[in-house]
Amino acid sequence: MASFKRFGLILMTTAASAALSACNGAGNVASPGAGSVVIVTPTPTPPATPTPTPTAPITAAQFAAVTTQNGLSVTAQEQLDIVNAGSNNNVNGTNQLNGIFPVSATSLTPAFNPATLNPFFVSTNYVGALNGPTDTAFDGWTCNSTTANFGATSANCTAVPAIGSGGSSAVCPAGTTDDGLTQTFRLCRLPQAITTDLTLPKIAGVVYRLRGQTEVGTDQGATGGAGVTLTIAAGVVIAADSTEPTNDLLLVNRGSKIQAVGTVTQPIIFTSQQNLANNGVSDVTQGQWGGIILLGRSTTAVCASGTGGSSGTPCQQAIEGVTGRFYGGTNEADSSGQMSFVQIRYTGIAISDGNELQGLTLGGTGSGTIIDHVQSHNSADDGVEIFGGTTNLKYFAVTGADDDGFDVDNGWRGFMQFIIAAQKVSGATADSFSTEIDSNGAEDLLPRTWGRYANFTFIQTALAPAAIRIRGGADFNFVNGIVKTPANVACVNMVAGETSASDRSTIRPANPALQDQGPPVFNSVYFSCNGR
């Protein structure tokens with residue numbers, strides 16, 4: 001979609017504990033574990049020269065940002081003390097990254113075993129998403145840019161995807177419409193309403209086209225039956241339509257599924273039509289289409305009027321970015337399908353302030369939904385935003401997002417491992433965090449936002465308050481991480497907005513009656529803050 005669409009639209013407008021999360025099916029996600037993918041080892045990148053170690057230890061004010069909400073704040077010293085209460089954290093780290101890779105194969109700080117938290121996690125003996133300078137776990141199925149270079153077998157994000165030749169004689173498969181040729185590629189358009197099962201095979205020279213708001217199935221409700229399935233073969237390229245002004249996006253309604261399973265060498269690529277031409281996009285291209293939305297029937301904390309509570313109707317809520325499409329229910333093991341070895345390029349549209357489309361949006365999707373080996377590249381909003389639900393992520397890279405990398409709220413309860421947020425080299429917009437963790441300002445709505453991040457690498461460039469923001473009474477553990485921020489940007493920003501100075505929910509003591517675990521927990525996290 002042409003970038004003028006985005007601006008035109010702007011103008012128009014987990015469980016109370018780890019054990020409970022295991023019961024919710026969090027350990028059933030069939031994500032490949034570390035070392036399970038065999039790919040070509042790229043030429044090693046020469047080690048970067050480490051930044052000289054500062055002579056003075058970091059101060060609390062350099063380490064943590066203070067935000068006042070409802071007249072309350074969490075002091076920088078309190079935040080630093082919470083981090084230091086964990087084990088094997090280094091708050092005085094210096095830059096030990098060469099791009100996204102650690103400069104040494106030796107772990108920057110002694111690692112924590114995340115498998116002790118839940119069976120979903122793979123046991124690791126290193127911090128960060130990558131195990132040293134030659135780890136190839138993200139190579140091949142990702143694309144490279146100035147934001148992040150994953151290895152020699154990853155193509156450049158600006159390059160035309162590997163579609164193949166023969167488009168002039170190719171025949172569009174049943175269920176799609178022949179839209180003619182662009183460049184040398186045959187365009188096979190998806191119906192805007194996919195009401196029966198549809199399979200998109202890999203055909204040399206064929207690109208599948210999205211035009212407008214393309215929906216898989218119709219909403220089956222919070223407790224309804226099964227919908228339809230969209231199946232996408234490895235190596236398929238799907239491009240948004242830049243020839244007309246409607247908002248292009250793919251939405252999977254409650255009850256329906258997407259089965260988009262690529263491979264290391266043949267990832268599935270969702271992109272803009274401009275990306276089909278040489279030099280059609282640049283390293284700073286964003287906002288050319290609306291991205292992907294999956295809606296499910298798992299739990300959510302924020303309810304639409306007339307749902308949840310004593311209404312007799314399960315809590316559900318309208319998803320942002322579109323009109324009248326709902327997520328939520330009671331099935332924490334719900335499945336909206338699988339996305340594995342997938343790239344999502346050049347997305348993100350602001351409909352209005354606080355109402356945006358991002359790379360990938362998950363609304364109330366359950367633990368049966370499999371999301372692994374996914375890259376969200378150059379979204380004009382968040383890389384991935386998760387509203388409620390119980391879906392887990394593994395091997396997920398957010399590169400070049402203009403807003404947050406990983407944004408979770410509305411009572412999401414789950415796990416993430418091997419995740420990377422690498423912001424634009426030039427810096428994302430202000431108030432953009434590597435991860436923003438929230439409960440939508442409603443401090444004690446249940447289910448409480450609750451999560452565990454393991455083996456994460458956050459490279460912050462935006463002049464936001466910090467790389468990690470956690471607020472709204474959300475409960476989190478962070479293990480085996482690397483956090484790097486530029487000068488004048490802290491690493492951590494904890495915010496508590498309760499109306500009583502004695503009840504600052506994000507950092508208050510545990511309260512099982514409110515699903516409250518207590519303050520955030522940090523173990524084995526290496527912090528390189530404030531340009532150190």
# chains A, B, ... in the order shown; residues from 1 in each chain; ligands from 1

call {"tool": "residues_around", "arguments": {"residues": "Thr229 in chain A", "least_positions_apart": "2", "cutoff": "10 Å", "atoms": "only C-alpha atoms", "output": "list of chain:residue names"}}
result
A:Ile194, A:Thr195, A:Thr196, A:Asp197, A:Leu198, A:Thr199, A:Val216, A:Gly217, A:Ala226, A:Gly227, A:Thr231, A:Ile232, A:Val252, A:Gly255, A:Ser256, A:Lys257, A:Ile258, A:Gln259, A:Ser336, A:Gly337

call {"tool": "write_last_selection", "arguments": {"atoms": "N, CA and C atoms", "output": "PDB file, in the first residue's frame"}}
result
ATOM      1  N   ILE A 194     -12.672 -14.744   3.198  1.00  0.00           N
ATOM      2  CA  ILE A 194     -12.308 -16.146   2.993  1.00  0.00           C
ATOM      3  C   ILE A 194     -13.258 -16.977   3.842  1.00  0.00           C
ATOM      4  N   THR A 195     -14.256 -17.572   3.203  1.00  0.00           N
ATOM      5  CA  THR A 195     -15.342 -18.245   3.927  1.00  0.00           C
ATOM      6  C   THR A 195     -15.256 -19.763   3.859  1.00  0.00           C
ATOM      7  N   THR A 196     -14.320 -20.291   3.074  1.00  0.00           N
ATOM      8  CA  THR A 196     -14.058 -21.722   3.047  1.00  0.00           C
ATOM      9  C   THR A 196     -12.549 -21.936   3.155  1.00  0.00           C
ATOM     10  N   ASP A 197     -12.139 -23.132   3.535  1.00  0.00           N
ATOM     11  CA  ASP A 197     -10.705 -23.412   3.645  1.00  0.00           C
ATOM     12  C   ASP A 197     -10.003 -23.054   2.340  1.00  0.00           C
ATOM     13  N   LEU A 198      -8.850 -22.397   2.461  1.00  0.00           N
ATOM     14  CA  LEU A 198      -8.102 -21.955   1.286  1.00  0.00           C
ATOM     15  C   LEU A 198      -6.635 -22.272   1.481  1.00  0.00           C
ATOM     16  N   THR A 199      -6.010 -22.851   0.449  1.00  0.00           N
ATOM     17  CA  THR A 199      -4.589 -23.174   0.478  1.00  0.00           C
ATOM     18  C   THR A 199      -3.865 -22.373  -0.585  1.00  0.00           C
ATOM     19  N   VAL A 216     -10.199 -13.953   7.399  1.00  0.00           N
ATOM     20  CA  VAL A 216     -10.317 -15.408   7.387  1.00  0.00           C
ATOM     21  C   VAL A 216     -11.469 -15.788   8.302  1.00  0.00           C
ATOM     22  N   GLY A 217     -12.542 -16.316   7.710  1.00  0.00           N
ATOM     23  CA  GLY A 217     -13.717 -16.698   8.473  1.00  0.00           C
ATOM     24  C   GLY A 217     -14.489 -15.490   8.972  1.00  0.00           C
ATOM     25  N   ALA A 226     -16.120 -23.966  15.046  1.00  0.00           N
ATOM     26  CA  ALA A 226     -14.913 -23.790  14.241  1.00  0.00           C
ATOM     27  C   ALA A 226     -15.224 -22.995  12.984  1.00  0.00           C
ATOM     28  N   GLY A 227     -14.242 -22.208  12.561  1.00  0.00           N
ATOM     29  CA  GLY A 227     -14.373 -21.446  11.339  1.00  0.00           C
ATOM     30  C   GLY A 227     -13.644 -22.121  10.195  1.00  0.00           C
ATOM     31  N   THR A 231      -4.241 -21.833   4.734  1.00  0.00           N
ATOM     32  CA  THR A 231      -2.965 -22.554   4.765  1.00  0.00           C
ATOM     33  C   THR A 231      -2.020 -21.937   3.742  1.00  0.00           C
ATOM     34  N   ILE A 232      -0.820 -21.596   4.181  1.00  0.00           N
ATOM     35  CA  ILE A 232       0.155 -20.930   3.315  1.00  0.00           C
ATOM     36  C   ILE A 232       1.419 -21.778   3.282  1.00  0.00           C
ATOM     37  N   VAL A 252      -7.583 -12.762  11.065  1.00  0.00           N
ATOM     38  CA  VAL A 252      -8.130 -14.100  11.305  1.00  0.00           C
ATOM     39  C   VAL A 252      -9.104 -13.990  12.472  1.00  0.00           C
ATOM     40  N   GLY A 255     -12.250 -18.467  16.050  1.00  0.00           N
ATOM     41  CA  GLY A 255     -12.718 -19.749  15.549  1.00  0.00           C
ATOM     42  C   GLY A 255     -12.006 -20.196  14.298  1.00  0.00           C
ATOM     43  N   SER A 256     -11.423 -19.273  13.533  1.00  0.00           N
ATOM     44  CA  SER A 256     -10.688 -19.620  12.319  1.00  0.00           C
ATOM     45  C   SER A 256      -9.193 -19.685  12.612  1.00  0.00           C
ATOM     46  N   LYS A 257      -8.414 -20.141  11.613  1.00  0.00           N
ATOM     47  CA  LYS A 257      -6.988 -20.365  11.837  1.00  0.00           C
ATOM     48  C   LYS A 257      -6.174 -19.965  10.616  1.00  0.00           C
ATOM     49  N   ILE A 258      -4.916 -19.650  10.879  1.00  0.00           N
ATOM     50  CA  ILE A 258      -3.907 -19.514   9.842  1.00  0.00           C
ATOM     51  C   ILE A 258      -2.858 -20.587  10.069  1.00  0.00           C
ATOM     52  N   GLN A 259      -2.467 -21.261   9.002  1.00  0.00           N
ATOM     53  CA  GLN A 259      -1.372 -22.238   9.067  1.00  0.00           C
ATOM     54  C   GLN A 259      -0.308 -21.767   8.091  1.00  0.00           C
ATOM     55  N   SER A 336      -5.406 -20.314  17.312  1.00  0.00           N
ATOM     56  CA  SER A 336      -5.672 -19.557  16.087  1.00  0.00           C
ATOM     57  C   SER A 336      -4.738 -20.003  14.968  1.00  0.00           C
ATOM     58  N   GLY A 337      -4.067 -21.162  15.163  1.00  0.00           N
ATOM     59  CA  GLY A 337      -3.210 -21.714  14.131  1.00  0.00           C
ATOM     60  C   GLY A 337      -1.743 -21.592  14.472  1.00  0.00           C
TER      61      GLY A 337
END

call {"tool": "closest_atom_pairs", "arguments": {"of": "range 56-79 of chain A", "to": "range 453-475 of chain A", "cutoff": "9 Å", "atoms": "only C-alpha atoms", "output": "tab-separated table"}}
result
residue	atom	partner	partner_atom	distance
A:Phe63	CA	A:Ala466	CA	8.7
A:Ala64	CA	A:Ala466	CA	7.3
A:Ala65	CA	A:Pro465	CA	5.8
A:Val66	CA	A:Pro465	CA	8.2
A:Thr67	CA	A:Pro465	CA	8.5

call {"tool": "closest_residue", "arguments": {"among": "A:Phe326, A:Tyr346, A:Trp450, A:Phe527", "to": "Gln515 in chain A", "atoms": "only C-alpha atoms"}}
result
A:Trp450

call {"tool": "atom_distance", "arguments": {"atom1": "CA of Asn156 in chain A", "atom2": "CA of Gly348 in chain A"}}
result
19.9 Å

call {"tool": "closest_residue", "arguments": {"among": "A:Thr134, A:Asn392, A:Thr243, A:Thr124", "to": "Asn98 in chain A", "atoms": "only C-alpha atoms"}}
result
A:Thr134

call {"tool": "closest_residue", "arguments": {"among": "A:Ala148, A:Leu210, A:Ile482, A:Val525", "to": "Ala401 in chain A", "atoms": "only C-alpha atoms"}}
result
A:Ala148

call {"tool": "closest_residue", "arguments": {"among": "A:Asn410, A:Asn131, A:Asn378, A:Asn118", "to": "Ser272 in chain A", "atoms": "only C-alpha atoms"}}
result
A:Asn378

call {"tool": "residues_around", "arguments": {"residues": "Gly296 in chain A", "least_positions_apart": "3", "cutoff": "7 Å", "atoms": "only C-alpha atoms", "output": "number ranges by chain"}}
result
A: 254-255, 327-328, 334, 336, 363-366

call {"tool": "write_last_selection", "arguments": {"atoms": "C-alpha atoms", "output": "mmCIF file, in the first residue's frame"}}
result
data_model
loop_
_atom_site.group_PDB
_atom_site.id
_atom_site.type_symbol
_atom_site.label_atom_id
_atom_site.label_comp_id
_atom_site.auth_asym_id
_atom_site.auth_seq_id
_atom_site.Cartn_x
_atom_site.Cartn_y
_atom_site.Cartn_z
ATOM 1 C CA ARG A 254 -12.259 -16.081 16.357
ATOM 2 C CA GLY A 255 -12.718 -19.749 15.549
ATOM 3 C CA TYR A 327 -11.403 -11.079 20.807
ATOM 4 C CA GLY A 328 -11.712 -12.906 24.122
ATOM 5 C CA ASP A 334 -7.518 -21.872 22.203
ATOM 6 C CA SER A 336 -5.672 -19.557 16.087
ATOM 7 C CA GLY A 363 -5.987 -10.427 20.499
ATOM 8 C CA GLY A 364 -6.993 -13.024 23.081
ATOM 9 C CA THR A 365 -5.195 -15.862 21.308
ATOM 10 C CA GLY A 366 -4.627 -18.995 23.373
#

call {"tool": "residues_around", "arguments": {"residues": "Asn84 in chain A", "least_positions_apart": "3", "cutoff": "12 Å", "atoms": "only C-alpha atoms", "output": "MDAnalysis selection string"}}
result
chainID A and resid 60 63 77:81 87:92 520:527

call {"tool": "residues_around", "arguments": {"residues": "Pro161 in chain A", "least_positions_apart": "3", "cutoff": "8 Å", "atoms": "only C-alpha atoms", "output": "JSON, numbers by chain"}}
result
{"A": [237, 269, 275, 276]}

call {"tool": "write_last_selection", "arguments": {"atoms": "N, CA and C atoms", "output": "PDB file, in the first residue's frame"}}
result
ATOM      1  N   VAL A 237       5.066 -15.710  -1.082  1.00  0.00           N
ATOM      2  CA  VAL A 237       5.151 -14.271  -0.853  1.00  0.00           C
ATOM      3  C   VAL A 237       3.752 -13.683  -0.999  1.00  0.00           C
ATOM      4  N   ILE A 269       6.855 -14.768   3.365  1.00  0.00           N
ATOM      5  CA  ILE A 269       7.091 -13.334   3.467  1.00  0.00           C
ATOM      6  C   ILE A 269       5.808 -12.564   3.178  1.00  0.00           C
ATOM      7  N   ASN A 275       7.852  -3.634  -2.477  1.00  0.00           N
ATOM      8  CA  ASN A 275       9.006  -4.501  -2.243  1.00  0.00           C
ATOM      9  C   ASN A 275       9.222  -5.506  -3.379  1.00  0.00           C
ATOM     10  N   LEU A 276       8.310  -5.538  -4.360  1.00  0.00           N
ATOM     11  CA  LEU A 276       8.435  -6.460  -5.490  1.00  0.00           C
ATOM     12  C   LEU A 276       9.289  -5.887  -6.611  1.00  0.00           C
TER      13      LEU A 276
END

call {"tool": "residues_around", "arguments": {"residues": "Thr313 in chain A", "least_positions_apart": "2", "cutoff": "12 Å", "atoms": "only C-alpha atoms", "output": "ChimeraX atom specification"}}
result
/A:221-223,303-311,315-317,328-330

call {"tool": "write_last_selection", "arguments": {"atoms": "C-alpha atoms", "output": "compact mmCIF listing (two decimals), in the first residue's frame"}}
result
# COMPACT_ATOMS: atom_id res chain seq x y z
CA GLY A 221 -18.07 -15.57 19.08
CA ALA A 222 -16.50 -16.26 22.47
CA THR A 223 -17.94 -19.79 22.67
CA CYS A 303 -14.15 -6.06 28.73
CA ALA A 304 -16.51 -4.34 26.34
CA SER A 305 -19.71 -2.98 27.84
CA GLY A 306 -22.18 -5.75 28.62
CA THR A 307 -19.55 -8.51 28.77
CA GLY A 308 -17.60 -10.04 31.63
CA GLY A 309 -18.33 -9.80 35.34
CA SER A 310 -21.94 -10.59 36.21
CA SER A 311 -23.21 -10.12 32.66
CA CYS A 315 -15.26 -10.89 28.75
CA GLN A 316 -14.47 -9.75 25.22
CA GLN A 317 -13.16 -6.59 23.64
CA GLY A 328 -11.71 -12.91 24.12
CA GLY A 329 -13.43 -15.84 25.76
CA THR A 330 -12.68 -18.49 28.36

call {"tool": "select_by_dssp", "arguments": {"residues": "range 231-457 of chain A", "states": "strand (DSSP E or B)", "output": "ChimeraX atom specification"}}
result
/A:231-232,237-240,249-252,257-261,268-272,289,292-295,317-318,326-327,337-345,347,349-352,355-357,360-363,370-377,384-387,392-399,406-409,413-422,435-437,450-457

call {"tool": "closest_residue", "arguments": {"among": "A:Gln213, A:Ser439, A:Ser298, A:Thr323", "to": "Thr391 in chain A", "atoms": "only C-alpha atoms"}}
result
A:Ser298

call {"tool": "residues_around", "arguments": {"residues": "Cys172 in chain A", "least_positions_apart": "4", "cutoff": "12 Å", "atoms": "only C-alpha atoms", "output": "VMD selection string"}}
result
chain A and resid 167 to 168 176 to 181 185 to 190 199 to 209

call {"tool": "closest_residue", "arguments": {"among": "A:Ile268, A:Ala318, A:Val281, A:Leu446", "to": "Ala159 in chain A", "atoms": "only C-alpha atoms"}}
result
A:Val281
